[in-house]
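Text of query_6.cif (mmCIF, C-alpha atoms and all ligand atoms) as supplied:
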data_data
loop_
_atom_site.label_atom_id
_atom_site.label_comp_id
_atom_site.auth_asym_id
_atom_site.auth_seq_id
_atom_site.Cartn_x
_atom_site.Cartn_y
_atom_site.Cartn_z
CA MET A 1 0.00 0.00 0.00
CA PHE A 2 1.34 3.42 -0.98
CA ASP A 3 1.07 6.33 1.48
CA ILE A 4 -0.11 9.54 -0.12
CA ASP A 5 1.99 12.49 1.04
CA THR A 6 -0.47 15.18 2.08
CA ARG A 7 1.92 17.32 4.12
CA LEU A 8 2.41 19.93 1.41
CA PRO A 9 -0.46 21.72 -0.28
CA VAL A 10 0.11 21.46 -4.05
CA PRO A 11 -1.33 24.53 -5.81
CA ALA A 12 -3.40 23.26 -8.76
CA ALA A 13 -1.86 25.89 -11.05
CA LEU A 14 1.60 24.39 -10.42
CA ARG A 15 0.79 20.71 -10.90
CA PRO A 16 3.59 19.11 -12.94
CA SER A 17 2.78 18.47 -16.59
CA GLU A 18 3.69 15.81 -19.17
CA TYR A 19 6.49 18.17 -20.26
CA THR A 20 7.94 18.05 -16.77
CA ALA A 21 7.64 14.27 -16.66
CA ALA A 22 9.49 13.91 -19.97
CA LEU A 23 12.24 16.28 -18.80
CA ILE A 24 12.76 14.29 -15.60
CA GLN A 25 12.76 11.02 -17.55
CA ALA A 26 15.47 12.33 -19.92
CA LEU A 27 17.61 13.46 -16.98
CA ARG A 28 17.18 10.06 -15.34
CA LEU A 29 18.51 8.32 -18.46
CA ASP A 30 21.92 9.71 -17.58
CA ALA A 31 21.56 10.21 -13.83
CA GLY A 32 25.26 9.53 -13.21
CA ARG A 33 26.09 12.85 -14.88
CA VAL A 34 24.01 14.72 -12.29
CA ARG A 35 25.94 13.53 -9.25
CA GLY A 36 28.00 16.33 -7.69
CA VAL A 37 27.09 19.07 -10.19
CA GLY A 38 25.75 22.59 -9.65
CA VAL A 39 22.28 22.92 -11.17
CA LEU A 40 20.18 25.88 -12.30
CA GLU A 41 16.54 25.67 -13.37
CA ILE A 42 14.86 28.63 -15.03
CA GLY A 43 11.09 28.54 -14.54
CA CYS A 44 11.16 26.10 -11.61
CA GLY A 45 7.37 26.14 -11.04
CA SER A 46 6.51 23.44 -8.49
CA GLY A 47 10.22 22.73 -7.86
CA VAL A 48 9.82 19.07 -8.78
CA VAL A 49 12.56 19.02 -11.43
CA LEU A 50 15.04 20.45 -8.91
CA ALA A 51 13.82 17.89 -6.36
CA ALA A 52 14.42 15.06 -8.84
CA LEU A 53 17.91 16.38 -9.59
CA GLY A 54 18.60 16.61 -5.84
CA THR A 55 17.59 12.95 -5.51
CA MET A 56 20.00 12.12 -8.34
CA GLY A 57 22.80 13.66 -6.28
CA ALA A 58 23.22 17.23 -7.56
CA ALA A 59 25.54 19.21 -5.28
CA SER A 60 23.50 22.44 -5.38
CA LEU A 61 20.08 23.45 -6.66
CA CYS A 62 19.34 26.98 -7.85
CA GLY A 63 15.85 27.83 -9.11
CA ILE A 64 14.38 30.96 -10.67
CA ASP A 65 10.76 31.77 -11.36
CA ILE A 66 8.88 34.93 -12.24
CA GLU A 67 5.93 33.90 -10.04
CA HIS A 68 5.99 34.34 -6.28
CA ASP A 69 3.83 31.22 -5.75
CA ALA A 70 6.30 29.09 -7.71
CA VAL A 71 9.25 30.27 -5.61
CA ALA A 72 7.25 29.58 -2.43
CA ALA A 73 6.19 26.12 -3.64
CA SER A 74 9.72 25.17 -4.75
CA THR A 75 11.19 26.35 -1.45
CA ALA A 76 8.62 24.37 0.54
CA LEU A 77 9.12 21.21 -1.55
CA LEU A 78 12.91 21.23 -1.32
CA ASP A 79 12.80 21.97 2.42
CA ASP A 80 10.30 19.17 2.94
CA LEU A 81 12.53 16.72 1.07
CA GLY A 82 15.57 17.68 3.14
CA GLN A 83 17.24 19.43 0.19
CA GLY A 84 16.81 22.98 1.52
CA ALA A 85 20.43 23.27 2.68
CA VAL A 86 21.74 23.01 -0.89
CA ALA A 87 18.89 24.99 -2.47
CA GLU A 88 18.66 28.64 -3.47
CA LEU A 89 15.45 30.05 -4.96
CA HIS A 90 15.00 33.44 -6.58
CA ARG A 91 12.01 35.32 -7.86
CA GLY A 92 13.02 37.08 -11.04
CA ASP A 93 13.08 37.25 -14.81
CA MET A 94 15.06 34.63 -16.74
CA TRP A 95 18.84 35.11 -16.23
CA ARG A 96 18.68 38.28 -14.13
CA PRO A 97 19.03 36.72 -10.65
CA VAL A 98 22.16 34.80 -11.73
CA ALA A 99 24.01 37.47 -13.70
CA GLY A 100 27.72 36.64 -13.86
CA ARG A 101 27.28 33.08 -12.53
CA ARG A 102 27.89 29.74 -14.27
CA PHE A 103 26.40 26.26 -13.72
CA ASP A 104 27.33 22.71 -14.73
CA LEU A 105 23.77 21.78 -15.63
CA ILE A 106 21.01 24.18 -16.65
CA VAL A 107 17.50 22.81 -17.09
CA ALA A 108 14.30 24.46 -18.26
CA ASN A 109 10.78 23.68 -19.29
CA LEU A 110 10.02 27.18 -20.47
CA PRO A 111 6.66 28.54 -21.55
CA HIS A 112 7.02 27.98 -25.33
CA PHE A 113 3.62 27.09 -26.72
CA PRO A 114 2.89 29.31 -29.74
CA MET A 115 0.07 31.48 -28.41
CA GLU A 116 -0.45 34.82 -26.74
CA ALA A 117 -0.37 34.95 -22.93
CA VAL A 118 -3.68 33.72 -21.52
CA GLU A 119 -4.86 31.61 -18.63
CA VAL A 120 -5.48 28.06 -19.86
CA ALA A 121 -6.79 25.17 -17.73
CA GLY A 122 -6.29 27.06 -14.48
CA ARG A 123 -2.64 27.87 -15.24
CA LEU A 124 -1.30 31.41 -14.94
CA PRO A 125 -0.73 33.24 -18.25
CA THR A 126 3.03 32.92 -17.61
CA TRP A 127 2.89 29.08 -17.58
CA SER A 128 2.71 28.02 -21.24
CA SER A 129 2.66 30.93 -23.61
CA GLY A 130 5.72 31.64 -25.72
CA GLY A 131 4.17 34.41 -27.83
CA ALA A 132 3.05 34.05 -31.44
CA ASP A 133 6.00 31.92 -32.56
CA GLY A 134 6.57 30.21 -29.19
CA ARG A 135 10.03 31.71 -28.90
CA SER A 136 9.64 34.80 -26.69
CA LEU A 137 11.46 33.08 -23.80
CA LEU A 138 13.20 30.31 -25.71
CA ASP A 139 15.41 32.69 -27.71
CA PRO A 140 16.70 34.76 -24.75
CA PHE A 141 17.25 31.52 -22.86
CA LEU A 142 19.35 30.03 -25.68
CA GLU A 143 21.24 33.31 -26.12
CA GLY A 144 22.11 33.43 -22.41
CA LEU A 145 23.54 29.93 -22.22
CA ARG A 146 26.98 30.98 -23.43
CA ASP A 147 27.43 33.25 -20.39
CA HIS A 148 26.00 30.84 -17.83
CA LEU A 149 27.29 27.37 -18.71
CA ALA A 150 30.42 26.31 -16.82
CA PRO A 151 33.26 24.86 -18.93
CA GLY A 152 32.12 21.38 -19.99
CA GLY A 153 28.57 22.18 -18.84
CA ARG A 154 25.33 21.33 -20.57
CA ALA A 155 21.68 22.34 -20.69
CA VAL A 156 18.73 19.96 -20.93
CA ILE A 157 15.41 21.50 -21.95
CA THR A 158 11.98 20.78 -23.38
CA HIS A 159 11.56 21.90 -26.99
CA ASN A 160 8.27 21.61 -28.86
CA ALA A 161 8.98 20.11 -32.29
CA PHE A 162 6.66 22.78 -33.76
CA ASP A 163 8.86 25.61 -32.44
CA ASP A 164 11.46 25.43 -35.23
CA LEU A 165 14.35 23.31 -33.97
CA ASP A 166 16.56 24.50 -36.83
CA ARG A 167 16.21 28.08 -35.67
CA SER A 168 17.41 27.00 -32.22
CA ARG A 169 20.35 25.15 -33.77
CA ALA A 170 21.34 28.22 -35.82
CA LEU A 171 21.09 30.52 -32.82
CA LEU A 172 23.22 28.20 -30.68
CA ALA A 173 25.81 27.68 -33.40
CA LYS A 174 26.60 31.43 -33.26
CA ASN A 175 27.80 30.79 -29.69
CA ALA A 176 29.67 27.57 -30.55
CA LEU A 177 26.97 25.43 -28.91
CA SER A 178 25.18 22.48 -30.46
CA LEU A 179 21.95 20.67 -29.78
CA ARG A 180 21.10 16.97 -29.81
CA ILE A 181 17.77 15.30 -29.23
CA ILE A 182 17.76 12.98 -26.21
CA LEU A 183 14.21 11.77 -26.56
CA THR A 184 10.99 12.55 -28.40
CA THR A 185 7.53 11.89 -27.10
CA LEU A 186 3.95 12.97 -27.78
CA VAL A 187 2.08 15.31 -25.46
CA TYR A 188 -1.67 15.80 -25.48
CA ILE A 189 -2.87 19.22 -26.62
CA SER A 190 -6.26 20.07 -25.13
CA PRO A 191 -8.96 21.55 -27.41
CA GLU A 192 -8.76 24.73 -25.31
CA LYS A 193 -5.04 25.08 -26.01
CA LEU A 194 -5.31 24.06 -29.65
CA ALA A 195 -7.95 26.74 -30.24
CA ARG A 196 -5.44 29.34 -29.05
CA MET A 197 -2.47 28.06 -31.00
CA THR A 198 -1.06 30.51 -33.56
CA ALA A 199 -2.95 29.66 -36.76
CA ASP A 200 0.12 29.79 -39.04
CA VAL A 201 2.02 27.35 -36.84
CA LEU A 202 -0.92 24.94 -36.68
CA ARG A 203 -1.39 25.11 -40.47
CA ALA A 204 2.30 24.45 -41.13
CA GLU A 205 2.76 21.70 -38.53
CA GLU A 206 -0.45 19.67 -38.71
CA GLY A 207 0.42 16.22 -40.06
CA ARG A 208 4.10 16.93 -39.50
CA THR A 209 4.68 17.43 -35.77
CA ILE A 210 1.05 17.83 -34.72
CA HIS A 211 -1.18 14.77 -35.05
CA ARG A 212 -4.98 14.81 -34.83
CA HIS A 213 -7.15 11.74 -34.33
CA GLY A 214 -10.75 12.88 -34.29
CA PRO A 215 -11.14 15.19 -31.28
CA TYR A 216 -7.73 14.20 -29.85
CA THR A 217 -4.56 16.07 -30.72
CA PHE A 218 -0.94 15.37 -29.84
CA GLY A 219 2.20 17.38 -30.44
CA GLU A 220 5.75 16.10 -30.69
CA LEU A 221 7.97 17.18 -27.83
CA HIS A 222 11.74 16.84 -27.85
CA ILE A 223 14.00 16.85 -24.84
CA VAL A 224 17.26 18.28 -26.09
CA GLU A 225 20.75 18.57 -24.69
CA ILE A 226 22.85 21.63 -25.48
CA ALA A 227 26.60 21.67 -25.01
CA ALA A 228 29.77 23.04 -26.54
CA ALA A 229 29.96 22.13 -30.22
CA LYS A 230 32.72 19.62 -30.94
CA ALA A 231 35.44 21.06 -33.16
CA GLY A 232 34.68 20.28 -36.81
CA ALA A 233 31.24 18.80 -35.97
CA GLY A 234 28.07 19.90 -37.77
CA THR A 235 24.97 21.05 -35.95
CA SER A 236 22.69 18.14 -36.75
CA ALA A 237 21.14 15.90 -34.09
C1 LIG B 1 5.84 25.19 -18.00
S1 LIG B 1 6.17 25.83 -16.43
C2 LIG B 1 7.43 24.73 -15.83
C3 LIG B 1 7.33 24.42 -14.38
C4 LIG B 1 8.24 23.40 -13.74
N1 LIG B 1 9.21 22.81 -14.62
C5 LIG B 1 7.40 22.34 -13.07
O1 LIG B 1 7.31 21.25 -13.56
O2 LIG B 1 6.78 22.61 -12.06
C6 LIG B 1 7.06 27.29 -16.81
C7 LIG B 1 7.48 28.09 -15.60
O3 LIG B 1 8.23 29.23 -16.07
C8 LIG B 1 7.92 30.35 -15.26
N2 LIG B 1 8.26 31.59 -16.00
C9 LIG B 1 7.53 32.21 -16.95
N3 LIG B 1 8.18 33.29 -17.40
C10 LIG B 1 9.36 33.36 -16.72
C11 LIG B 1 10.46 34.27 -16.73
N4 LIG B 1 10.48 35.34 -17.55
N5 LIG B 1 11.50 34.04 -15.90
C12 LIG B 1 11.47 32.97 -15.05
N6 LIG B 1 10.45 32.08 -14.99
C13 LIG B 1 9.40 32.27 -15.81
C14 LIG B 1 6.45 30.16 -14.95
O4 LIG B 1 6.04 30.90 -13.83
C15 LIG B 1 6.36 28.65 -14.77
O5 LIG B 1 6.54 28.28 -13.41
#
Could you spell out this file's structure in structure tokens?
Amino acid sequence: MFDIDTRLPVPAALRPSEYTAALIQALRLDAGRVRGVGVLEIGCGSGVVLAALGTMGAASLCGIDIEHDAVAASTALLDDLGQGAVAELHRGDMWRPVAGRRFDLIVANLPHFPMEAVEVAGRLPTWSSGGADGRSLLDPFLEGLRDHLAPGGRAVITHNAFDDLDRSRALLAKNALSLRIILTTLVYISPEKLARMTADVLRAEEGRTIHRHGPYTFGELHIVEIAAAKAGAGTSA
């Protein structure tokens, strides 16, 4: 019999999503590389990705979120799991709270669904929306990696397949970074979310990275790893 942990209230708006699950699964595939490293998560939400990395043996856990409730929830979760002593949580925008600092492992499940900022399914408008092309946070995140990855460091992030992976590759290549896909899975897209998806993106991607079966729609989601490009290597996956 499994005991349900009811000690911490879990705000419904911060419940972990399929994106979060896929990100944790990808990190678990290579858990040995987490042991002893300094971690940063941008957009830590519930704090569960940091908690999973703490369980895998990360030496320090730094989280940033724009929402006060997310910082409070992450702090409470990490404290409750006995990881508070190695944790540091900041409320702030993207890279700002860690200006000038570098990390061995940077993770993110950023809002990058191509739609304008709205509240969907009880989530705050800052949860999923990446602006019309899905890239309003993705691009500044990718651009900031060069200044925040420690030598030999890497980033592992969620990347919707319908958010132009080649554009991410080109942007990273300018900073001598390259991207490889660790895993690809399908995530359910609710009718509510689909109705708000940027029409041009839906038109271009339906049948390619977005798959409809009657009333049910799924989108392809990649978990990608970003690291220094190997000398002489191309930028393909
Ligand atoms: C899709 S959620 C990911 C949550 C987290 N990975 C989890 O599973 O609980 C995206 C998170 O990014 C945060 N966020 C949105 N804009 C941000 C910004 N400019 N800087 C930092 N965090 C931001 C949101 O508040 C939200 O918690």
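Candidate residues A:Ala204, A:Ala150, A:Val187, A:Val224 were compared for distance to Leu27 of chain A, and the nearest is A:Val224, using only C-alpha atoms.
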Near Leu165 of chain A, within 10 Å and counting all atoms listed in the file, which residues show up once chain neighbours fewer than 6 positions away are dropped, as a ChimeraX atom specification? /A:159,171,179,181,222,224
Write out as a tab-separated table the residues of chain A that have any atom within 7 Å of an atom of ligand LIG 1 (chain B), one row each with the nearest atom pair and its distance in Å to one decimal, counting only C-alpha atoms and all ligand atoms, sorted by chain and then rising number.
residue	atom	partner	partner_atom	distance
A:Leu14	CA	B:LIG1	O2	5.7
A:Arg15	CA	B:LIG1	O2	6.4
A:Pro16	CA	B:LIG1	O1	4.3
A:Ser17	CA	B:LIG1	O1	6.1
A:Thr20	CA	B:LIG1	O1	4.6
A:Ile42	CA	B:LIG1	C12	5.5
A:Gly43	CA	B:LIG1	O3	3.3
A:Cys44	CA	B:LIG1	C4	4.5
A:Gly45	CA	B:LIG1	O5	3.3
A:Ser46	CA	B:LIG1	O2	3.7
A:Gly47	CA	B:LIG1	O2	5.4
A:Val48	CA	B:LIG1	O2	5.7
A:Val49	CA	B:LIG1	N1	6.0
A:Ile64	CA	B:LIG1	C12	5.6
A:Asp65	CA	B:LIG1	N6	3.7
A:Ile66	CA	B:LIG1	N6	4.3
A:Glu67	CA	B:LIG1	O4	4.8
A:Ala70	CA	B:LIG1	O5	5.8
A:Gly92	CA	B:LIG1	N5	5.9
A:Asp93	CA	B:LIG1	N5	3.7
A:Met94	CA	B:LIG1	N5	3.7
A:Ala108	CA	B:LIG1	N1	6.5
A:Asn109	CA	B:LIG1	C2	4.9
A:Leu110	CA	B:LIG1	C6	4.7
A:Pro111	CA	B:LIG1	C6	4.9
A:Thr126	CA	B:LIG1	C9	4.6
A:Trp127	CA	B:LIG1	C15	4.5
A:Ser128	CA	B:LIG1	C1	5.3
A:Leu137	CA	B:LIG1	N4	6.7
Tell me which of A:Asp200, A:Glu206, A:Glu143, A:Glu116 sits closest to Ala176 of chain A, counting all atoms listed in the file. A:Glu143
List the neighbours of Arg102 of chain A out to 10 Å using all atoms listed in the file; skip same-chain residues closer than 5 positions along the sequence, and give me the result as a list in words.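 The filter keeps Gly38, Val39, Leu40, Leu145, Arg146, Asp147, His148, Leu149, Ala150, Pro151 and Gly153 of chain A.
Among the candidates A:Ala85, A:Ala22, A:Leu194, A:Ala73, the one nearest to Leu61 of chain A when counting all atoms listed in the file is A:Ala85.
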Restricting the calculation to all atoms listed in the file, which member of A:Arg96, A:His213, A:Arg123, A:Arg154 is positioned closest to Ser178 of chain A?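 Using all atoms listed in the file, Ser178 of chain A sits closest to A:Arg154.
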Nearest to Thr75 of chain A, chosen from A:Asp133, A:Glu88, A:Glu205, A:Glu18, with all atoms listed in the file counted in the distances: A:Glu88
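Counting only C-alpha atoms, the residue from A:Val201, A:Leu172, A:Ala12, A:Ala155 that sits nearest to Ile226 of chain A is A:Ala155.
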Using atom CA of Leu50 of chain A and atom CA of Val10 of chain A as the two end points, give the distance in Å to one decimal. 15.7 Å
Can you list, as JSON, numbers by chain, every protein, DNA or RNA residue that comes within 6 Å of Leu177 of chain A when you count all atoms listed in the file, leaving out same-chain residues fewer than 3 positions away? {"A": [172, 173, 227, 228, 229]}
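Atom pair atom CA of Leu53 of chain A / atom CA of Leu124 of chain A has a distance of 25.0 Å (rounded to one decimal).
Taking atom CA of Leu78 of chain A and atom CA of Glu119 of chain A as the two end points, the separation is 26.9 Å.
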Listed atoms of segment 104-114 of chain A boxed along x, y and z, 5 Å each side, centre and edge lengths in Å, one decimal, as AutoDock Vina command-line options:
--center_x 15.1 --center_y 25.5 --center_z -22.2 --size_x 34.4 --size_y 17.5 --size_z 25.0
Neighbour residues at most 9 Å from (18.4, 20.7, -2.4) (only C-alpha atoms) as a PyMOL selection string: chain A and resi 50-51+53-55+58-62+78-79+81-88
